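File shown: my_file.csv (CSV, C-alpha atoms and all ligand atoms).
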```
chain,number,residue,atom,x,y,z
A,8,MET,CA,241.9,-30.1,-148.0
A,9,ARG,CA,245.1,-28.1,-147.5
A,10,ALA,CA,247.3,-27.6,-150.5
A,11,ALA,CA,250.2,-25.5,-151.8
A,12,GLY,CA,250.3,-24.1,-155.3
A,13,VAL,CA,249.3,-21.2,-157.4
A,14,ARG,CA,246.0,-19.4,-158.0
A,15,GLU,CA,247.1,-18.5,-161.6
A,16,ILE,CA,249.9,-19.5,-163.9
A,17,GLY,CA,253.1,-17.6,-162.9
A,18,GLY,CA,251.6,-16.7,-159.5
A,19,LEU,CA,253.4,-16.9,-156.2
A,20,VAL,CA,253.2,-20.2,-154.3
A,21,GLU,CA,250.6,-20.0,-151.6
A,22,VAL,CA,248.9,-22.4,-149.1
A,23,PHE,CA,245.1,-22.6,-149.6
A,24,ASP,CA,242.1,-24.9,-149.4
A,25,LEU,CA,241.1,-26.9,-152.4
A,26,PRO,CA,238.0,-29.2,-152.8
A,27,GLU,CA,238.5,-32.8,-151.6
A,28,PRO,CA,238.7,-35.4,-154.4
A,29,ASP,CA,235.6,-37.3,-155.4
A,30,ASP,CA,235.5,-41.1,-155.1
A,31,PRO,CA,238.2,-42.6,-157.3
A,32,GLY,CA,237.2,-43.6,-160.9
A,33,PRO,CA,237.4,-47.3,-161.9
A,34,GLY,CA,241.2,-47.3,-162.5
A,35,GLU,CA,242.2,-44.8,-159.8
A,36,VAL,CA,243.2,-44.7,-156.2
A,37,VAL,CA,243.2,-41.8,-153.7
A,38,ILE,CA,246.4,-41.4,-151.8
A,39,GLU,CA,246.7,-39.6,-148.5
A,40,VAL,CA,250.0,-37.8,-149.1
A,41,GLU,CA,252.7,-38.2,-146.5
A,42,THR,CA,255.5,-36.4,-148.2
A,43,ALA,CA,255.9,-34.7,-151.6
A,44,GLY,CA,259.0,-34.0,-153.6
A,45,VAL,CA,260.0,-30.5,-154.6
A,46,GLY,CA,262.2,-29.9,-157.7
A,47,ASN,CA,263.2,-27.0,-159.9
A,48,TRP,CA,260.9,-28.6,-162.5
A,49,ASP,CA,257.9,-27.5,-160.2
A,50,ASN,CA,258.9,-23.9,-161.2
A,51,ILE,CA,258.5,-24.9,-164.8
A,52,VAL,CA,254.9,-26.1,-164.0
A,53,ARG,CA,254.3,-22.9,-162.0
A,54,THR,CA,255.3,-20.7,-164.9
A,55,GLY,CA,253.2,-22.7,-167.4
A,56,ALA,CA,256.0,-24.2,-169.5
A,57,TRP,CA,255.2,-27.8,-168.4
A,58,ASN,CA,251.5,-28.8,-168.7
A,59,VAL,CA,250.9,-31.6,-166.1
A,60,GLY,CA,247.1,-31.7,-166.8
A,61,LEU,CA,245.8,-29.1,-164.4
A,62,THR,CA,244.5,-25.5,-164.5
A,63,PRO,CA,244.7,-23.1,-161.6
A,64,PRO,CA,243.9,-22.8,-158.8
A,65,MET,CA,246.1,-25.8,-158.5
A,66,ALA,CA,248.4,-27.6,-156.2
A,67,LEU,CA,251.9,-28.0,-157.6
A,68,GLY,CA,254.0,-31.2,-157.2
A,69,VAL,CA,254.6,-34.1,-159.5
A,70,GLU,CA,255.9,-36.8,-157.1
A,71,ALA,CA,254.7,-38.0,-153.8
A,72,ALA,CA,254.6,-40.8,-151.3
A,73,GLY,CA,251.7,-41.7,-149.1
A,74,THR,CA,249.0,-44.3,-148.2
A,75,VAL,CA,246.1,-45.5,-150.3
A,76,VAL,CA,242.8,-44.5,-148.7
A,77,ALA,CA,240.3,-45.3,-151.5
A,78,VAL,CA,240.5,-47.8,-154.4
A,79,GLY,CA,238.5,-47.7,-157.7
A,80,SER,CA,236.3,-50.7,-158.7
A,81,GLN,CA,238.7,-52.0,-161.4
A,82,VAL,CA,242.0,-51.7,-159.4
A,83,THR,CA,243.7,-55.0,-158.7
A,84,ASN,CA,247.3,-54.0,-157.9
A,85,LEU,CA,246.6,-51.9,-154.8
A,86,GLN,CA,244.5,-51.9,-151.7
A,87,ARG,CA,243.6,-49.6,-148.9
A,88,GLY,CA,246.5,-49.1,-146.5
A,89,ASP,CA,249.3,-49.7,-149.1
A,90,GLU,CA,252.2,-47.4,-148.8
A,91,VAL,CA,253.1,-46.1,-152.3
A,92,LEU,CA,255.1,-43.6,-154.2
A,93,GLY,CA,255.0,-42.3,-157.8
A,94,HIS,CA,255.3,-39.7,-160.5
A,95,PRO,CA,251.6,-39.9,-161.5
A,96,LEU,CA,251.2,-37.7,-164.6
A,97,PRO,CA,249.0,-36.5,-166.1
A,98,LEU,CA,247.6,-35.3,-162.8
A,99,ARG,CA,243.8,-36.0,-162.5
A,100,HIS,CA,242.5,-33.8,-159.7
A,101,GLN,CA,245.3,-31.8,-158.0
A,102,GLY,CA,249.1,-31.8,-157.7
A,103,CYS,CA,251.0,-33.7,-155.1
A,104,TRP,CA,251.5,-30.8,-152.7
A,105,ALA,CA,248.1,-31.5,-151.2
A,106,GLU,CA,246.7,-33.7,-148.4
A,107,ARG,CA,245.1,-36.1,-150.9
A,108,VAL,CA,245.8,-36.8,-154.6
A,109,VAL,CA,243.9,-38.9,-157.1
A,110,VAL,CA,246.1,-41.0,-159.4
A,111,ASP,CA,246.0,-43.7,-162.1
A,112,ALA,CA,246.6,-46.8,-160.1
A,113,GLY,CA,249.0,-48.1,-162.8
A,114,LEU,CA,251.4,-45.2,-162.1
A,115,VAL,CA,252.3,-45.8,-158.5
A,116,VAL,CA,254.3,-48.6,-156.9
A,117,LEU,CA,254.7,-49.9,-153.4
A,118,LYS,CA,257.2,-48.1,-151.1
A,119,PRO,CA,260.0,-50.5,-150.2
A,120,ALA,CA,260.1,-51.4,-146.5
A,121,GLY,CA,262.8,-49.5,-144.7
A,122,VAL,CA,262.8,-46.6,-147.1
A,123,SER,CA,261.9,-43.3,-145.3
A,124,TRP,CA,258.9,-41.3,-146.4
A,125,GLU,CA,261.3,-38.4,-147.2
A,126,THR,CA,263.5,-40.4,-149.6
A,127,ALA,CA,260.4,-42.1,-151.1
A,128,ALA,CA,258.9,-38.7,-152.1
A,129,ALA,CA,262.1,-37.3,-153.6
A,130,PHE,CA,263.0,-40.5,-155.6
A,131,PRO,CA,260.5,-40.9,-158.5
A,132,VAL,CA,261.4,-38.0,-160.9
A,133,PRO,CA,265.2,-38.1,-160.6
A,134,ALA,CA,265.3,-41.9,-160.6
A,135,LEU,CA,263.1,-42.3,-163.6
A,136,THR,CA,265.0,-39.6,-165.4
A,137,ALA,CA,268.3,-41.4,-164.6
A,138,GLU,CA,267.0,-44.8,-165.8
A,139,GLN,CA,265.5,-43.3,-169.0
A,140,VAL,CA,268.8,-41.5,-169.8
A,141,LEU,CA,270.9,-44.7,-169.4
A,142,SER,CA,268.6,-47.4,-170.9
A,143,GLU,CA,266.7,-45.5,-173.5
A,144,SER,CA,268.8,-42.5,-174.7
A,145,LEU,CA,272.4,-43.6,-174.2
A,146,LYS,CA,271.8,-47.3,-174.1
A,147,LEU,CA,274.9,-47.6,-171.9
A,148,ALA,CA,276.7,-50.9,-171.9
A,149,GLU,CA,279.1,-52.6,-169.5
A,150,ASN,CA,282.7,-51.4,-169.7
A,151,GLU,CA,281.8,-48.2,-171.6
A,152,THR,CA,283.0,-44.9,-170.4
A,153,LEU,CA,280.3,-42.4,-169.3
A,154,LEU,CA,280.9,-38.7,-168.5
A,155,VAL,CA,278.3,-37.2,-166.1
A,156,HIS,CA,278.5,-33.4,-166.0
A,157,GLY,CA,276.7,-32.1,-162.9
A,158,ALA,CA,277.0,-35.3,-160.9
A,159,GLY,CA,276.6,-33.3,-157.6
A,160,SER,CA,273.0,-32.9,-158.5
A,161,THR,CA,270.3,-35.3,-157.3
A,162,THR,CA,269.7,-36.6,-160.8
A,163,GLY,CA,273.3,-36.7,-161.8
A,164,GLY,CA,274.2,-38.6,-158.6
A,165,LEU,CA,271.6,-41.3,-159.4
A,166,ILE,CA,272.9,-41.6,-163.0
A,167,VAL,CA,276.4,-42.2,-161.6
A,168,GLN,CA,275.1,-44.9,-159.2
A,169,LEU,CA,273.1,-46.7,-162.0
A,170,ALA,CA,275.9,-46.5,-164.5
A,171,ALA,CA,278.4,-47.9,-162.0
A,172,LEU,CA,275.9,-50.7,-161.2
A,173,ARG,CA,275.9,-51.5,-165.0
A,174,GLY,CA,279.7,-51.9,-164.9
A,175,ALA,CA,280.5,-48.7,-166.8
A,176,ARG,CA,283.5,-46.5,-166.0
A,177,VAL,CA,282.2,-43.2,-164.8
A,178,ILE,CA,284.0,-39.8,-165.0
A,179,ALA,CA,282.1,-37.1,-163.3
A,180,THR,CA,282.2,-33.4,-162.7
A,181,ALA,CA,281.2,-32.0,-159.2
A,182,GLY,CA,282.1,-29.2,-156.9
A,183,PRO,CA,284.3,-29.8,-153.8
A,184,SER,CA,281.4,-30.3,-151.4
A,185,SER,CA,279.9,-33.1,-153.5
A,186,ALA,CA,283.1,-34.7,-154.7
A,187,ASN,CA,283.3,-37.4,-152.0
A,188,ARG,CA,279.6,-38.3,-152.4
A,189,VAL,CA,280.0,-38.6,-156.1
A,190,ALA,CA,283.1,-40.9,-155.7
A,191,GLN,CA,281.2,-43.0,-153.3
A,192,ALA,CA,278.4,-43.2,-155.8
A,193,GLY,CA,280.8,-45.0,-158.1
A,194,ALA,CA,282.6,-42.4,-160.1
A,195,ALA,CA,286.2,-43.5,-161.0
A,196,GLU,CA,287.3,-39.9,-161.5
A,197,VAL,CA,285.7,-36.7,-160.1
A,198,LEU,CA,286.7,-33.4,-161.8
A,199,ASP,CA,286.0,-30.0,-160.3
A,200,TYR,CA,283.9,-28.2,-162.9
A,201,HIS,CA,285.2,-24.8,-161.5
A,202,ASP,CA,288.4,-25.5,-163.5
A,203,ASP,CA,287.4,-24.7,-167.1
A,204,ARG,CA,289.8,-27.3,-168.5
A,205,TRP,CA,287.7,-30.2,-167.2
A,206,PRO,CA,286.7,-31.3,-170.7
A,207,GLU,CA,290.3,-31.6,-171.7
A,208,ARG,CA,290.9,-33.7,-168.6
A,209,VAL,CA,288.2,-36.0,-169.7
A,210,ARG,CA,289.9,-36.4,-173.1
A,211,GLU,CA,293.2,-37.1,-171.3
A,212,LEU,CA,291.5,-39.7,-169.1
A,213,THR,CA,290.2,-41.5,-172.2
A,214,SER,CA,293.5,-41.7,-174.1
A,215,GLY,CA,292.6,-38.7,-176.2
A,216,ILE,CA,289.6,-40.5,-177.7
A,217,GLY,CA,286.7,-39.2,-175.6
A,218,ALA,CA,284.0,-40.8,-173.6
A,219,ASP,CA,281.6,-43.3,-175.3
A,220,ALA,CA,278.6,-41.4,-173.9
A,221,ALA,CA,277.9,-38.3,-171.8
A,222,LEU,CA,275.1,-36.8,-169.8
A,223,ASN,CA,274.6,-33.2,-169.1
A,224,ALA,CA,272.7,-32.2,-166.0
A,225,VAL,CA,273.8,-28.6,-165.8
A,226,PRO,CA,271.7,-25.8,-167.3
A,227,GLY,CA,273.9,-24.4,-170.1
A,228,GLY,CA,276.4,-27.2,-169.8
A,229,SER,CA,275.7,-29.1,-173.1
A,230,THR,CA,278.3,-27.3,-175.2
A,231,ALA,CA,281.1,-28.2,-172.8
A,232,THR,CA,279.8,-31.7,-172.4
A,233,ILE,CA,279.7,-32.7,-176.1
A,234,VAL,CA,283.5,-31.8,-176.4
A,235,THR,CA,284.1,-34.8,-174.1
A,236,VAL,CA,282.3,-37.4,-176.4
A,237,ARG,CA,284.2,-39.5,-178.9
A,238,GLU,CA,283.4,-39.4,-182.6
A,239,GLY,CA,280.2,-41.4,-183.2
A,240,GLY,CA,279.4,-41.5,-179.5
A,241,ARG,CA,276.1,-40.6,-177.7
A,242,MET,CA,275.1,-37.6,-175.6
A,243,ALA,CA,272.0,-36.8,-173.6
A,244,THR,CA,271.0,-33.6,-171.9
A,245,ILE,CA,268.2,-33.2,-169.3
A,246,THR,CA,268.3,-29.4,-169.2
A,247,GLY,CA,266.5,-28.7,-172.5
A,248,ASP,CA,269.6,-27.3,-174.2
A,249,PRO,CA,270.8,-29.8,-176.8
A,250,PRO,CA,274.0,-28.7,-178.6
A,251,ALA,CA,274.4,-28.6,-182.4
A,252,ALA,CA,275.3,-32.1,-183.7
A,253,GLU,CA,278.9,-32.7,-184.5
A,254,ARG,CA,281.3,-35.6,-185.2
A,255,ASP,CA,278.4,-38.1,-185.8
A,256,ILE,CA,277.5,-37.8,-182.1
A,257,ARG,CA,273.8,-38.8,-181.5
A,258,VAL,CA,272.3,-36.1,-179.2
A,259,THR,CA,269.1,-36.7,-177.2
A,260,ASN,CA,267.0,-34.2,-175.3
A,261,VAL,CA,265.4,-36.2,-172.4
A,262,TYR,CA,262.2,-35.4,-170.7
A,263,VAL,CA,261.1,-37.7,-167.9
A,264,ARG,CA,257.9,-39.7,-168.2
A,265,PRO,CA,256.0,-41.9,-165.8
A,266,ASP,CA,256.8,-45.6,-166.0
A,267,ALA,CA,255.7,-47.8,-163.1
A,268,THR,CA,257.7,-50.9,-164.4
A,269,GLN,CA,260.9,-48.9,-164.3
A,270,LEU,CA,260.0,-47.3,-161.0
A,271,ALA,CA,259.3,-50.6,-159.4
A,272,GLN,CA,262.7,-51.9,-160.5
A,273,LEU,CA,264.4,-48.7,-159.2
A,274,CYS,CA,262.6,-49.1,-155.9
A,275,ALA,CA,263.9,-52.6,-155.6
A,276,LEU,CA,267.4,-51.3,-155.9
A,277,LEU,CA,266.6,-48.5,-153.4
A,278,GLY,CA,265.1,-51.0,-150.9
A,279,GLU,CA,268.2,-53.3,-151.2
A,280,GLY,CA,270.5,-50.3,-150.6
A,281,GLN,CA,272.1,-50.6,-154.1
A,282,LEU,CA,270.8,-47.1,-154.7
A,283,THR,CA,270.9,-44.3,-152.1
A,284,LEU,CA,269.3,-40.9,-152.0
A,285,ALA,CA,270.0,-38.5,-149.1
A,286,VAL,CA,267.4,-35.8,-148.7
A,287,GLY,CA,268.7,-32.2,-148.3
A,288,SER,CA,265.8,-30.7,-146.3
A,289,VAL,CA,262.3,-31.4,-145.2
A,290,LEU,CA,259.8,-28.5,-144.7
A,291,PRO,CA,256.2,-28.4,-143.7
A,292,LEU,CA,253.5,-27.8,-146.4
A,293,ALA,CA,253.1,-24.3,-145.1
A,294,ASP,CA,256.7,-23.5,-146.2
A,295,ALA,CA,256.2,-24.7,-149.8
A,296,ALA,CA,257.3,-21.3,-151.3
A,297,THR,CA,260.6,-21.6,-149.4
A,298,ALA,CA,260.9,-25.2,-150.4
A,299,LEU,CA,260.6,-24.3,-154.1
A,300,GLU,CA,263.2,-21.5,-153.7
A,301,ASP,CA,265.5,-24.0,-152.0
A,302,ALA,CA,265.0,-26.5,-154.8
A,303,ILE,CA,265.7,-23.9,-157.5
A,304,SER,CA,268.9,-22.7,-155.8
A,305,GLY,CA,270.1,-26.3,-155.2
A,306,ALA,CA,271.6,-25.0,-152.0
A,307,LYS,CA,270.5,-27.8,-149.7
A,308,GLY,CA,272.9,-30.3,-151.1
A,309,GLY,CA,270.1,-32.8,-151.8
A,310,PRO,CA,266.5,-32.9,-152.8
A,311,VAL,CA,263.9,-30.9,-150.9
A,312,VAL,CA,260.8,-32.5,-149.5
A,313,LEU,CA,257.5,-31.3,-148.1
A,314,GLN,CA,256.0,-33.0,-145.1
A,315,VAL,CA,252.3,-33.0,-145.8
A,316,GLY,CA,251.0,-35.7,-143.5
A,317,PRO,CA,251.2,-35.9,-139.7
A,318,ARG,CA,254.3,-38.1,-139.4
A,319,LEU,CA,257.5,-36.2,-138.9
A,320,THR,CA,260.3,-38.7,-139.7
A,321,GLY,CA,261.0,-42.4,-140.0
A,322,ASN,CA,259.5,-45.0,-142.1
B,401,LIG,N1,264.5,-33.3,-168.4
B,401,LIG,C1,264.0,-33.9,-167.3
B,401,LIG,O1,263.1,-34.7,-167.4
B,401,LIG,C2,264.6,-33.5,-166.0
B,401,LIG,C3,264.4,-34.4,-164.9
B,401,LIG,C4,265.1,-34.1,-163.7
B,401,LIG,C5,265.9,-33.0,-163.6
B,401,LIG,N2,266.1,-32.2,-164.7
B,401,LIG,C6,266.9,-31.0,-164.7
B,401,LIG,O2,268.2,-31.4,-164.4
B,401,LIG,C7,268.9,-30.4,-163.7
B,401,LIG,C8,269.4,-31.1,-162.4
B,401,LIG,O3,268.3,-31.3,-161.6
B,401,LIG,P1,268.4,-31.8,-160.1
B,401,LIG,O4,267.1,-31.6,-159.4
B,401,LIG,O5,269.0,-33.1,-160.1
B,401,LIG,O6,269.5,-30.7,-159.6
B,401,LIG,P2,270.0,-30.3,-158.1
B,401,LIG,O7,270.0,-31.5,-157.2
B,401,LIG,O8,269.2,-29.1,-157.6
B,401,LIG,O9,271.5,-29.9,-158.4
B,401,LIG,C9,272.1,-28.9,-157.9
B,401,LIG,C10,273.6,-29.2,-157.9
B,401,LIG,O10,274.1,-29.1,-159.2
B,401,LIG,C11,275.5,-28.8,-159.1
B,401,LIG,N3,275.9,-27.8,-160.1
B,401,LIG,C12,275.4,-26.5,-160.0
B,401,LIG,N4,276.0,-25.8,-161.0
B,401,LIG,C13,276.9,-26.6,-161.6
B,401,LIG,C14,277.8,-26.4,-162.7
B,401,LIG,N5,277.9,-25.2,-163.3
B,401,LIG,N6,278.5,-27.5,-163.1
B,401,LIG,C15,278.3,-28.7,-162.5
B,401,LIG,N7,277.5,-28.9,-161.5
B,401,LIG,C16,276.8,-27.9,-161.0
B,401,LIG,C17,275.8,-28.4,-157.7
B,401,LIG,O11,276.5,-29.4,-157.0
B,401,LIG,P3,278.0,-29.3,-156.7
B,401,LIG,O12,278.5,-27.9,-157.0
B,401,LIG,O13,278.1,-29.6,-155.2
B,401,LIG,O14,278.7,-30.4,-157.5
B,401,LIG,C18,274.4,-28.2,-157.1
B,401,LIG,O15,274.4,-28.5,-155.7
B,401,LIG,C19,267.9,-29.3,-163.5
B,401,LIG,O16,268.2,-28.3,-164.5
B,401,LIG,C20,266.6,-30.0,-163.7
B,401,LIG,O17,265.6,-29.1,-164.1
B,401,LIG,C21,265.4,-32.4,-165.9
```
Spit out the file's structure as structure tokens when you get a sec.
Ligand SMILES: NC(=O)c1ccc[n+]([C@@H]2O[C@H](COP(=O)([O-])OP(=O)(O)OC[C@H]3O[C@@H](n4cnc5c(N)ncnc54)[C@H](OP(=O)(O)O)[C@@H]3O)[C@@H](O)[C@H]2O)c1
Amino acid sequence: MRAAGVREIGGLVEVFDLPEPDDPGPGEVVIEVETAGVGNWDNIVRTGAWNVGLTPPMALGVEAAGTVVAVGSQVTNLQRGDEVLGHPLPLRHQGCWAERVVVDAGLVVLKPAGVSWETAAAFPVPALTAEQVLSESLKLAENETLLVHGAGSTTGGLIVQLAALRGARVIATAGPSSANRVAQAGAAEVLDYHDDRWPERVRELTSGIGADAALNAVPGGSTATIVTVREGGRMATITGDPPAAERDIRVTNVYVRPDATQLAQLCALLGEGQLTLAVGSVLPLADAATALEDAISGAKGGPVVLQVGPRLTGN
């Protein structure tokens, strides 16, 4: 089967042939991949700093959407022909930038009707991250104030949407080209992070007290973010750079993990239109190296997706 990945840890992304998966084990399904998400986290896998369960030569990719084509003997939740999506770690055979992928049937969920293949592929990692930040790390409650630094990012944007749905007041930072999108996502205030005084503005907007909770989605942005949190508040970062603790603030360093129950609930919101995710660009599998560069640069204004299967657009 065709796949895109690396022949060695740290190698350049190439397109090559890999062996087809065997028949699925008792709890597994084989998915024919239609679309696969590309994130800057795939570069962390490429360079060996995130072990997703594979050794090279390996396809990269930790999220995908596609159709179930083979079902293990003990699988009861899925059948052939089901359209699914997921973040199926640890990977069992190959990564998601491949024509077929073997997954634990308990880690993928049905794709909501009406959600495009492109959006479905780009959704699992940032959506699960957002949910785990809000419900597990920050335990955000209705009417609390949340600061989201880097709300122009895919993950930050989903955190704004989910926090607003919970009835929180969201203050966000974003650049000029993302400001409208972030406001529409539910942010009450959007501050341009190019003005270094944005943390002071957050304090002004919270009567000098600070936000109840804050999320940092900007590499190197934690130190500025913690300034905005009230004494005894909570802060989470998703960029692996937790700041030194101060003023009784509880700091959490969040790393996404698969959770099909959460993903199904998030997919329900996506299917109902309560969550939205606009894809930045779609490239063929052959252009995986470019897709990864685009994801790292963040220049497409939205998530990057690989079209692996034959369909080009639509549901
Ligand atoms: N720990 C985990 O489990 C986990 C999970 C998912 C993502 N992440 C990490 O979270 C970060 C965001 O990921 P993503 O894929 O959501 O990002 P993304 O969509 O690629 O975000 C890029 C956007 O971030 C905004 N941005 C860039 N520099 C900024 C700055 N200095 N201040 C504020 N905003 C800035 C820009 O938007 P505007 O300028 O237009 O506002 C840019 O378009 C990455 O570092 C990623 O690795 C971690």
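Closest approach to Ser185 in chain A from the set A:Ala112, A:Pro31, A:Ala306, A:Leu290 is made by A:Ala306, with distances taken over all atoms listed in the file.
Atom pair CA of Leu277 in chain A / CA of Ala190 in chain A: separated by 18.3 Å.
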Next on the checklist: What's around Glu151 in chain A at 8 Å? Count all atoms listed in the file, leave out sequence neighbours fewer than 5 positions away in its own chain, and write the answer as a VMD selection string.
Outcome noted: chain A and resid 174 to 176 218 to 220
Item to check | Contacts of Gln101 in chain A at 8 Å (all atoms listed in the file; same-chain gap of 5+ positions) as a ChimeraX atom specification | outcome: /A:61,65-67,108-109
List all protein, DNA and RNA residues that have an atom no more than 7 Å from any atom of ligand LIG 401 (chain B), counting only C-alpha atoms and all ligand atoms, and report them as a short mmCIF file (atom, residue, chain, number, x, y, z; two decimals) with C-alpha atoms, keeping the file's coordinate frame.
```cif
data_model
loop_
_atom_site.label_atom_id
_atom_site.label_comp_id
_atom_site.auth_asym_id
_atom_site.auth_seq_id
_atom_site.Cartn_x
_atom_site.Cartn_y
_atom_site.Cartn_z
CA GLY A 46 262.20 -29.90 -157.70
CA ASN A 47 263.20 -27.00 -159.90
CA TRP A 48 260.90 -28.60 -162.50
CA VAL A 132 261.40 -38.00 -160.90
CA PRO A 133 265.20 -38.10 -160.60
CA THR A 136 265.00 -39.60 -165.40
CA HIS A 156 278.50 -33.40 -166.00
CA GLY A 157 276.70 -32.10 -162.90
CA ALA A 158 277.00 -35.30 -160.90
CA GLY A 159 276.60 -33.30 -157.60
CA SER A 160 273.00 -32.90 -158.50
CA THR A 161 270.30 -35.30 -157.30
CA THR A 162 269.70 -36.60 -160.80
CA GLY A 163 273.30 -36.70 -161.80
CA THR A 180 282.20 -33.40 -162.70
CA ALA A 181 281.20 -32.00 -159.20
CA GLY A 182 282.10 -29.20 -156.90
CA PRO A 183 284.30 -29.80 -153.80
CA SER A 184 281.40 -30.30 -151.40
CA SER A 185 279.90 -33.10 -153.50
CA ALA A 186 283.10 -34.70 -154.70
CA TYR A 200 283.90 -28.20 -162.90
CA ALA A 224 272.70 -32.20 -166.00
CA VAL A 225 273.80 -28.60 -165.80
CA PRO A 226 271.70 -25.80 -167.30
CA GLY A 228 276.40 -27.20 -169.80
CA ILE A 245 268.20 -33.20 -169.30
CA THR A 246 268.30 -29.40 -169.20
CA GLY A 247 266.50 -28.70 -172.50
CA VAL A 261 265.40 -36.20 -172.40
CA TYR A 262 262.20 -35.40 -170.70
CA VAL A 263 261.10 -37.70 -167.90
CA ALA A 302 265.00 -26.50 -154.80
CA ILE A 303 265.70 -23.90 -157.50
CA SER A 304 268.90 -22.70 -155.80
CA GLY A 305 270.10 -26.30 -155.20
CA ALA A 306 271.60 -25.00 -152.00
CA GLY A 308 272.90 -30.30 -151.10
CA GLY A 309 270.10 -32.80 -151.80
CA PRO A 310 266.50 -32.90 -152.80
#
```
Checklist entry - How would you write as a PyMOL selection string the residues that get within 9 Å of (277.9, -43.0, -168.3) in the file's frame, counting only C-alpha atoms? => result chain A and resi 141+145+147-148+151-155+166-167+169-171+175-179+218-222
Checklist outcome for this item: Students should find that CA of Ala275 in chain A and CA of Val122 in chain A are spaced 10.5 Å
Next on the checklist: Can you tell me which residues surround Ala72 in chain A at a distance of at most 7 Å, considering all atoms listed in the file, apart from same-chain residues fewer than 3 positions away, and format the answer as an MDAnalysis selection string?
Outcome noted: chainID A and resid 40:43 91:93 124 127:128
Checklist entry - Got a sec to check which residues sit within 9 Å of (249.3, -37.8, -147.8), counting only C-alpha atoms, and write them as number ranges by chain? => result A: 38-43, 71-75, 103-108, 314-317
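Taking CA of Leu135 in chain A and CA of Gly280 in chain A as the two end points, the separation is 17.0 Å.
Residues lying within 10 Å of Leu282 in chain A, counting all atoms listed in the file and ignoring same-chain neighbours fewer than 5 positions away, are Ala134, Gly164, Leu165, Gln168, Leu169, Leu172, Ala192, Leu273, Cys274, Ala275, Leu276 and Leu277 of chain A.
Using all atoms listed in the file, the nearest neighbour of Glu125 in chain A within the list A:Asp248, A:Glu149, A:Glu70, A:Asp49 is A:Glu70.
The closest residue to Phe23 in chain A, picked from A:Leu198, A:Leu98, A:Ala10, A:Ala251 and counting only C-alpha atoms, is A:Ala10.
Among the candidates A:Asp111, A:Lys146, A:Met8, A:Gln281, the residue lying nearest to Gly193 in chain A is A:Gln281 (atoms considered: only C-alpha atoms).
Distance check against Ala295 in chain A using all atoms listed in the file: of A:Val20, A:Ile51, A:Val236, A:Ala243, the minimum falls on A:Val20.
Proximity of A:Leu212, A:Leu292, A:Gly287, A:Asn187 to Lys307 in chain A, computed with all atoms listed in the file, is greatest for A:Gly287.
Contact shell of Ala271 in chain A at 8 Å (all atoms listed in the file; same-chain neighbours under 4 positions omitted): A:Val116, A:Leu117, A:Ala267, A:Ala275.
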